[in-house]
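I have placed the structure first, in the form of structure tokens, so that the comments after it can refer back to it.
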There are 2 protein chains.
Amino acid sequence: MLGLGLIGGSLLRALDRAGRPAFGWNRSAATVDAAAAAGHDADTDLSAVLARAAQQDALVVVATPTPIVGEILAQVARHAPGCALTDVVSVKQAVADAVAERGLSARYVGGHPMAGTSRSGWDATDPDLFVDAPWVVCADDDTDPMVWSTVADVALAVGARVVPVATEDHDPLVAAISHLPHLTAAVTATVGAGPGDLALRLAAGSFRDGTRVAGTAVDLQRAMIEANGPAVLTLLSEAIDRLTAARDELRDSGTVHTLVEDGHRARTRWDAMRGADPEPIVDVTVGSDGWAAELRRQAHLGRVWTGPGQTRRDSPG
Amino acid sequence: MLGLGLIGGSLLRALDRAGRPAFGWNRSAATVDAAAAAGHDADTDLSAVLARAAQQDALVVVATPTPIVGEILAQVARHAPGCALTDVVSVKQAVADAVAERGLSARYVGGHPMAGTSRSGWDATDPDLFVDAPWVVCADDDTDPMVWSTVADVALAVGARVVPVATEDHDPLVAAISHLPHLTAAVTATVGAGPGDLALRLAAGSFRDGTRVAGTAVDLQRAMIEANGPAVLTLLSEAIDRLTAARDELRDSGTVHTLVEDGHRARTRWDAMRGADPEPIVDVTVGSDGWAAELRRQAHLGRVWTGPGQTRRDSPG
């Protein structure tokens with residue numbers, strides 16, 4: 001585990017609790033000391049940690065902030081180039097490109113657990129962070145099936161729901177459901193605070209929830225949003241267009257019904273989805289012909305990977 | 001209590017629990033039956049309820065949806081024109097205008113409890129809804145001090161924090177902290193759902209919180225936003241300008257730091273404010289010369305009305 005912040009630290013704690021052997025690196029001695037004091041195996045010496053990973057043929061998980069991923073990958077290429085490799089960074093194309101630059105693509109499978117809070121750092125870690133959370137494990141046509149299974153197995157071990165997605169589809173999806181919400185929250189907070197302290201004193205539920213993620217550390221927000229620039233740009237333009245249409249409708253016709261109805265429909269659809277337990281992906285053997293495409297197809301039907309051996313209940317075989 | 005939805009019904013329940021005599025009207029027999037079954041005094045006959053209010057010199061509280069407020073006020077003018085009158089509607093200028101049209105201004109003091117959930121109707125009522133919630137009680141230079149005290153006393157009886165605000169200041173404040181957040185939530189939900197079901201299946205905390213209020217009943221959202229059209233238009237334009245600036249900055253410089261930093265600062269300021277208990281308004285006797293202006297002045301300093309008799313602790317007298 002390279003990086004012991006909210007995601008990496010939570011993952012180390014969750015794996016330890018699940019009885020899976022795991023050890024971690026963090027640049028900050030304070031973080032490593034806190035992890036060690038809590039009984040975890042952690043070190044500040046990156047090359048030593050990577051040498052140990054290489055010796056044990058461990059899965060290397062890059063869990064550092066986005067801006068230093070390239071630097072970390074260079075060290076992986078130097079000390080543990082043969083290890084299976086994944087990451088938990090919130091964009092996938094930029095990481096895949098950086099991995100390719102260092103010649104590490106063959107053993108790399110990108111990942112992204114869709115879990116988090118507005119807090120960060122070791123103190124915010126929680127071994128339950130991933131329970132029932134979707135965890136994207138990228139499945140492309142050239143993905144190594146052994147590495148894919150190893151990464152999916154880690155996600156399952158900590159209670160997540162594995163969602164196979166093509167690398168190129170990931171970033172636009174995340175721009176829509178995660179990065180744009182950070183920017184709309186920032187606008188809501190900024191405009192809401194505009195009239196001054198009295199406005200903020202009156203602010204209640206709609207402001208509280210609508211601006212929560214604006215309280216996330218600025219560096220973390222910037223890193224993830226700016227790394228996904230092209231996809232975010234497209235969606236920002238869409239958001240601007242819809243707000244402009246709502247303003248024109250309110251000015252010209254005195255109503256905001258289009259936007260309010262569209263928003264209500266989208267939220268209601270989400271409420272309905274999260275109420276239901278997802279169906280498992282069935283009848284796929286990872287590594288068989290066309291396995292990645294079949295995983296992606298079933299994921300689009302709303303199914304999640306729950307491990308090998310799932311077969312259709314009504315299957316004649 | 002005219003109207004037994006989320007706000008009116010919660011207020012009836014809270015007043016009954018506080019031992020304050022209260023009775024209510026609702027158009028729907030099902031709601032009245034539910035309220036009566038829970039031990040509350042409720043009726044579907046509006047003219048009878050208003051005649052009783054007139055006989056008892058009760059405070060009349062208009063708690064119906066915005067679109068029928070005018071119709072209700074006409075009945076108040078007919079059956080209980082001498083009663084003290086308030087309302088809990090989320091806009092104040094339009095209600096004050098409607099009150100003036102019916103010749104009821106002299107005994108009217110507008111109110112707005114800043115509490116709510118995305119649910120509505122009697123089933124959503126909660127006698128704790130107002131505990132520690134800000135409750136705007138409009139204080140203008142021509143406000144009747146007796147009625148103001150009566151309305152403030154009701155808000156205090158159910159645990160709210162009374163915030164005196166000029167009628168003309170209320171609507172822009174609420175547009176900023178409540179109505180605009182509904183529209184940004186709707187945009188977040190709509191754009192987030194754009195890529196289809198897979199996006200919604202991956203949506204986690206930032207989508208959940210950022211879109212919560214988009215799930216409020218469409219009619220309720222439209223009624224409150226459309227009744228506050230001019231103030232909402234101004235803030236929608238500001239939100240569009242800020243998002244456009246963020247898009248241009250991302251496109252031209254690869255960063256979103258201005259918007260993210262502004263949003264973080266606003267949210268952090270709100271977090272700091274809500275952590276502290278507000279100071280009480282001191283040294284004001286309601287009805288004395290300039291009382292309303294002094295209440296407003298102290299409210300702008302972050303103080304709340306906690307009842308008569310508060311004097312400065314360090315006062316020499």
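Note on naming: chains are A, B, ... as they come in the structure tokens, residues start from 1 per chain, ligands start from 1 in the order shown.
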Distance-based interface of chain B with chain A, 6 Å, counting only C-alpha atoms, as a PyMOL selection string: chain B and resi 134+173+176-178+181+186+188-190+192-193+198-200+202-203+206-207+209-210+214-215+226+240+255+260+262-264+266-267+270+300
Contacts of Leu15 (chain A) at 10 Å (only C-alpha atoms; same-chain gap of 4+ positions) as a list in words: Gly9, Ser10, Leu11, Gly19, Arg20, Pro21, Ala22, Phe23, Pro127, Val154, Ala155, Ala157 and Val158 of chain A
Length of the CA of Val32 (chain B) to CA of Arg119 (chain B) vector [Å]: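 About the pair CA of Val32 (chain B) and CA of Arg119 (chain B): they are 18.3 Å apart.
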Per-residue DSSP, region 1-142 of chain A, filtered to alpha helix (DSSP H), as a PyMOL selection string: chain A and resi 6-17+29-37+46-56+69-79+93-101
Strand (DSSP E or B) per DSSP on the backbone: members of region 63-213 of chain A, as a ChimeraX atom specification: /A:85-87,108,111-113,134-138,161-165
Name the residues in contact with region 89-104 of chain B at a cut-off of 7 Å, using only C-alpha atoms, excluding same-chain residues fewer than 5 positions from it; report them as a compact mmCIF listing (two decimals) with N, CA, C and O atoms, in the first residue's frame.
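Output (part.txt):
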```
# COMPACT_ATOMS: atom_id res chain seq x y z
N ALA B 63 -50.13 28.04 7.03
CA ALA B 63 -49.08 27.04 6.77
C ALA B 63 -49.45 26.18 5.57
O ALA B 63 -49.09 25.01 5.51
N THR B 66 -47.72 27.64 -0.90
CA THR B 66 -47.73 29.01 -1.39
C THR B 66 -48.88 29.32 -2.36
O THR B 66 -49.51 30.36 -2.23
N GLY B 70 -53.29 33.06 -1.02
CA GLY B 70 -54.22 34.16 -1.28
C GLY B 70 -55.65 33.78 -0.94
O GLY B 70 -56.39 34.54 -0.29
N LEU B 73 -56.08 33.58 2.79
CA LEU B 73 -56.13 34.92 3.40
C LEU B 73 -57.50 35.57 3.20
O LEU B 73 -58.00 36.30 4.08
N ALA B 74 -58.11 35.31 2.04
CA ALA B 74 -59.45 35.86 1.81
C ALA B 74 -60.43 35.32 2.85
O ALA B 74 -61.30 36.05 3.35
N ALA B 77 -59.73 37.06 6.16
CA ALA B 77 -60.29 38.42 6.15
C ALA B 77 -61.80 38.38 6.40
O ALA B 77 -62.37 39.28 7.02
N PRO B 81 -60.85 38.61 10.86
CA PRO B 81 -60.01 39.76 10.45
C PRO B 81 -59.30 40.42 11.63
O PRO B 81 -58.30 41.11 11.41
N GLY B 110 -44.85 38.44 9.44
CA GLY B 110 -44.42 37.27 8.67
C GLY B 110 -43.39 36.44 9.42
O GLY B 110 -42.59 36.98 10.20
N HIS B 112 -40.82 32.62 9.13
CA HIS B 112 -40.27 31.56 8.27
C HIS B 112 -39.32 30.68 9.08
O HIS B 112 -38.16 31.05 9.28
N THR B 167 -38.58 42.46 6.26
CA THR B 167 -39.28 41.72 5.21
C THR B 167 -38.53 41.80 3.88
O THR B 167 -38.32 40.79 3.21
N GLU B 168 -38.05 42.99 3.54
CA GLU B 168 -37.41 43.15 2.22
C GLU B 168 -36.05 42.44 2.14
O GLU B 168 -35.57 42.15 1.06
N HIS B 170 -35.49 39.47 3.62
CA HIS B 170 -35.67 38.02 3.75
C HIS B 170 -35.52 37.26 2.45
O HIS B 170 -34.78 36.27 2.37
N ASP B 171 -36.21 37.71 1.41
CA ASP B 171 -36.28 36.89 0.20
C ASP B 171 -34.93 36.70 -0.49
O ASP B 171 -34.61 35.58 -0.92
N MET B 224 -42.07 27.37 -3.99
CA MET B 224 -41.24 28.29 -3.21
C MET B 224 -40.26 29.04 -4.11
O MET B 224 -40.02 30.24 -3.91
N ALA B 227 -42.19 31.65 -6.37
CA ALA B 227 -42.71 32.79 -5.60
C ALA B 227 -41.60 33.80 -5.28
O ALA B 227 -41.87 34.93 -4.90
N ASN B 228 -40.36 33.38 -5.42
CA ASN B 228 -39.22 34.25 -5.11
C ASN B 228 -38.42 34.57 -6.38
O ASN B 228 -37.20 34.68 -6.36
```
Selection near Arg52 (chain A), 12 Å with only C-alpha atoms, sequence-local residues under 3 positions removed, as an MDAnalysis selection string: chainID A and resid 1 22:25 42:43 45:49 55:60 76 79:80 83
Selection from above, N, CA and C atoms, as an mmCIF file, in the first residue's frame, can you write it?
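In the end it all went to again.cif:
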```cif
data_model
loop_
_atom_site.group_PDB
_atom_site.id
_atom_site.type_symbol
_atom_site.label_atom_id
_atom_site.label_comp_id
_atom_site.auth_asym_id
_atom_site.auth_seq_id
_atom_site.Cartn_x
_atom_site.Cartn_y
_atom_site.Cartn_z
ATOM 1 N N MET A 1 0.858 -1.180 0.000
ATOM 2 C CA MET A 1 0.000 0.000 0.000
ATOM 3 C C MET A 1 0.887 1.219 0.000
ATOM 4 N N ALA A 22 -0.692 -7.570 4.540
ATOM 5 C CA ALA A 22 -0.556 -6.294 3.844
ATOM 6 C C ALA A 22 0.439 -5.427 4.593
ATOM 7 N N PHE A 23 1.185 -4.608 3.857
ATOM 8 C CA PHE A 23 2.098 -3.667 4.494
ATOM 9 C C PHE A 23 2.126 -2.387 3.664
ATOM 10 N N GLY A 24 2.506 -1.288 4.332
ATOM 11 C CA GLY A 24 2.321 0.004 3.682
ATOM 12 C C GLY A 24 3.509 0.929 3.790
ATOM 13 N N TRP A 25 3.483 1.927 2.898
ATOM 14 C CA TRP A 25 4.464 2.997 2.915
ATOM 15 C C TRP A 25 3.745 4.324 2.984
ATOM 16 N N ALA A 42 4.034 -0.739 8.623
ATOM 17 C CA ALA A 42 4.225 0.432 7.762
ATOM 18 C C ALA A 42 5.640 0.981 7.895
ATOM 19 N N ASP A 43 6.080 1.688 6.861
ATOM 20 C CA ASP A 43 7.476 2.136 6.774
ATOM 21 C C ASP A 43 7.539 3.421 5.949
ATOM 22 N N ASP A 45 10.360 4.057 4.166
ATOM 23 C CA ASP A 45 11.419 3.816 3.167
ATOM 24 C C ASP A 45 10.811 3.174 1.921
ATOM 25 N N LEU A 46 10.569 4.000 0.890
ATOM 26 C CA LEU A 46 9.845 3.514 -0.284
ATOM 27 C C LEU A 46 10.595 2.397 -1.001
ATOM 28 N N SER A 47 11.919 2.561 -1.198
ATOM 29 C CA SER A 47 12.613 1.519 -1.971
ATOM 30 C C SER A 47 12.648 0.210 -1.202
ATOM 31 N N ALA A 48 12.763 0.269 0.124
ATOM 32 C CA ALA A 48 12.747 -0.970 0.920
ATOM 33 C C ALA A 48 11.388 -1.656 0.838
ATOM 34 N N VAL A 49 10.325 -0.848 0.921
ATOM 35 C CA VAL A 49 8.975 -1.414 0.854
ATOM 36 C C VAL A 49 8.748 -2.059 -0.508
ATOM 37 N N GLN A 55 10.047 -9.118 -3.697
ATOM 38 C CA GLN A 55 10.470 -10.402 -3.146
ATOM 39 C C GLN A 55 9.279 -11.329 -2.894
ATOM 40 N N GLN A 56 8.163 -10.708 -2.401
ATOM 41 C CA GLN A 56 6.978 -11.504 -2.044
ATOM 42 C C GLN A 56 5.984 -11.625 -3.193
ATOM 43 N N ASP A 57 6.329 -11.024 -4.347
ATOM 44 C CA ASP A 57 5.396 -10.981 -5.478
ATOM 45 C C ASP A 57 4.026 -10.447 -5.040
ATOM 46 N N ALA A 58 4.077 -9.345 -4.266
ATOM 47 C CA ALA A 58 2.848 -8.744 -3.744
ATOM 48 C C ALA A 58 2.149 -7.908 -4.809
ATOM 49 N N LEU A 59 0.875 -7.638 -4.585
ATOM 50 C CA LEU A 59 0.144 -6.645 -5.379
ATOM 51 C C LEU A 59 0.501 -5.258 -4.851
ATOM 52 N N VAL A 60 0.988 -4.388 -5.756
ATOM 53 C CA VAL A 60 1.316 -3.007 -5.365
ATOM 54 C C VAL A 60 0.082 -2.122 -5.616
ATOM 55 N N VAL A 76 8.302 2.362 -8.589
ATOM 56 C CA VAL A 76 7.798 0.992 -8.796
ATOM 57 C C VAL A 76 8.547 0.353 -9.962
ATOM 58 N N HIS A 79 12.054 -0.629 -8.647
ATOM 59 C CA HIS A 79 12.257 -1.614 -7.572
ATOM 60 C C HIS A 79 11.331 -2.828 -7.641
ATOM 61 N N ALA A 80 10.174 -2.695 -8.317
ATOM 62 C CA ALA A 80 9.221 -3.810 -8.316
ATOM 63 C C ALA A 80 8.484 -3.903 -9.644
ATOM 64 N N CYS A 83 5.803 -6.809 -10.253
ATOM 65 C CA CYS A 83 4.631 -6.989 -9.398
ATOM 66 C C CYS A 83 3.338 -6.650 -10.135
#
```
Distance of CA of Gly3 (chain B) from CA of Ile72 (chain B), expressed in Å to one decimal place: 9.8 Å
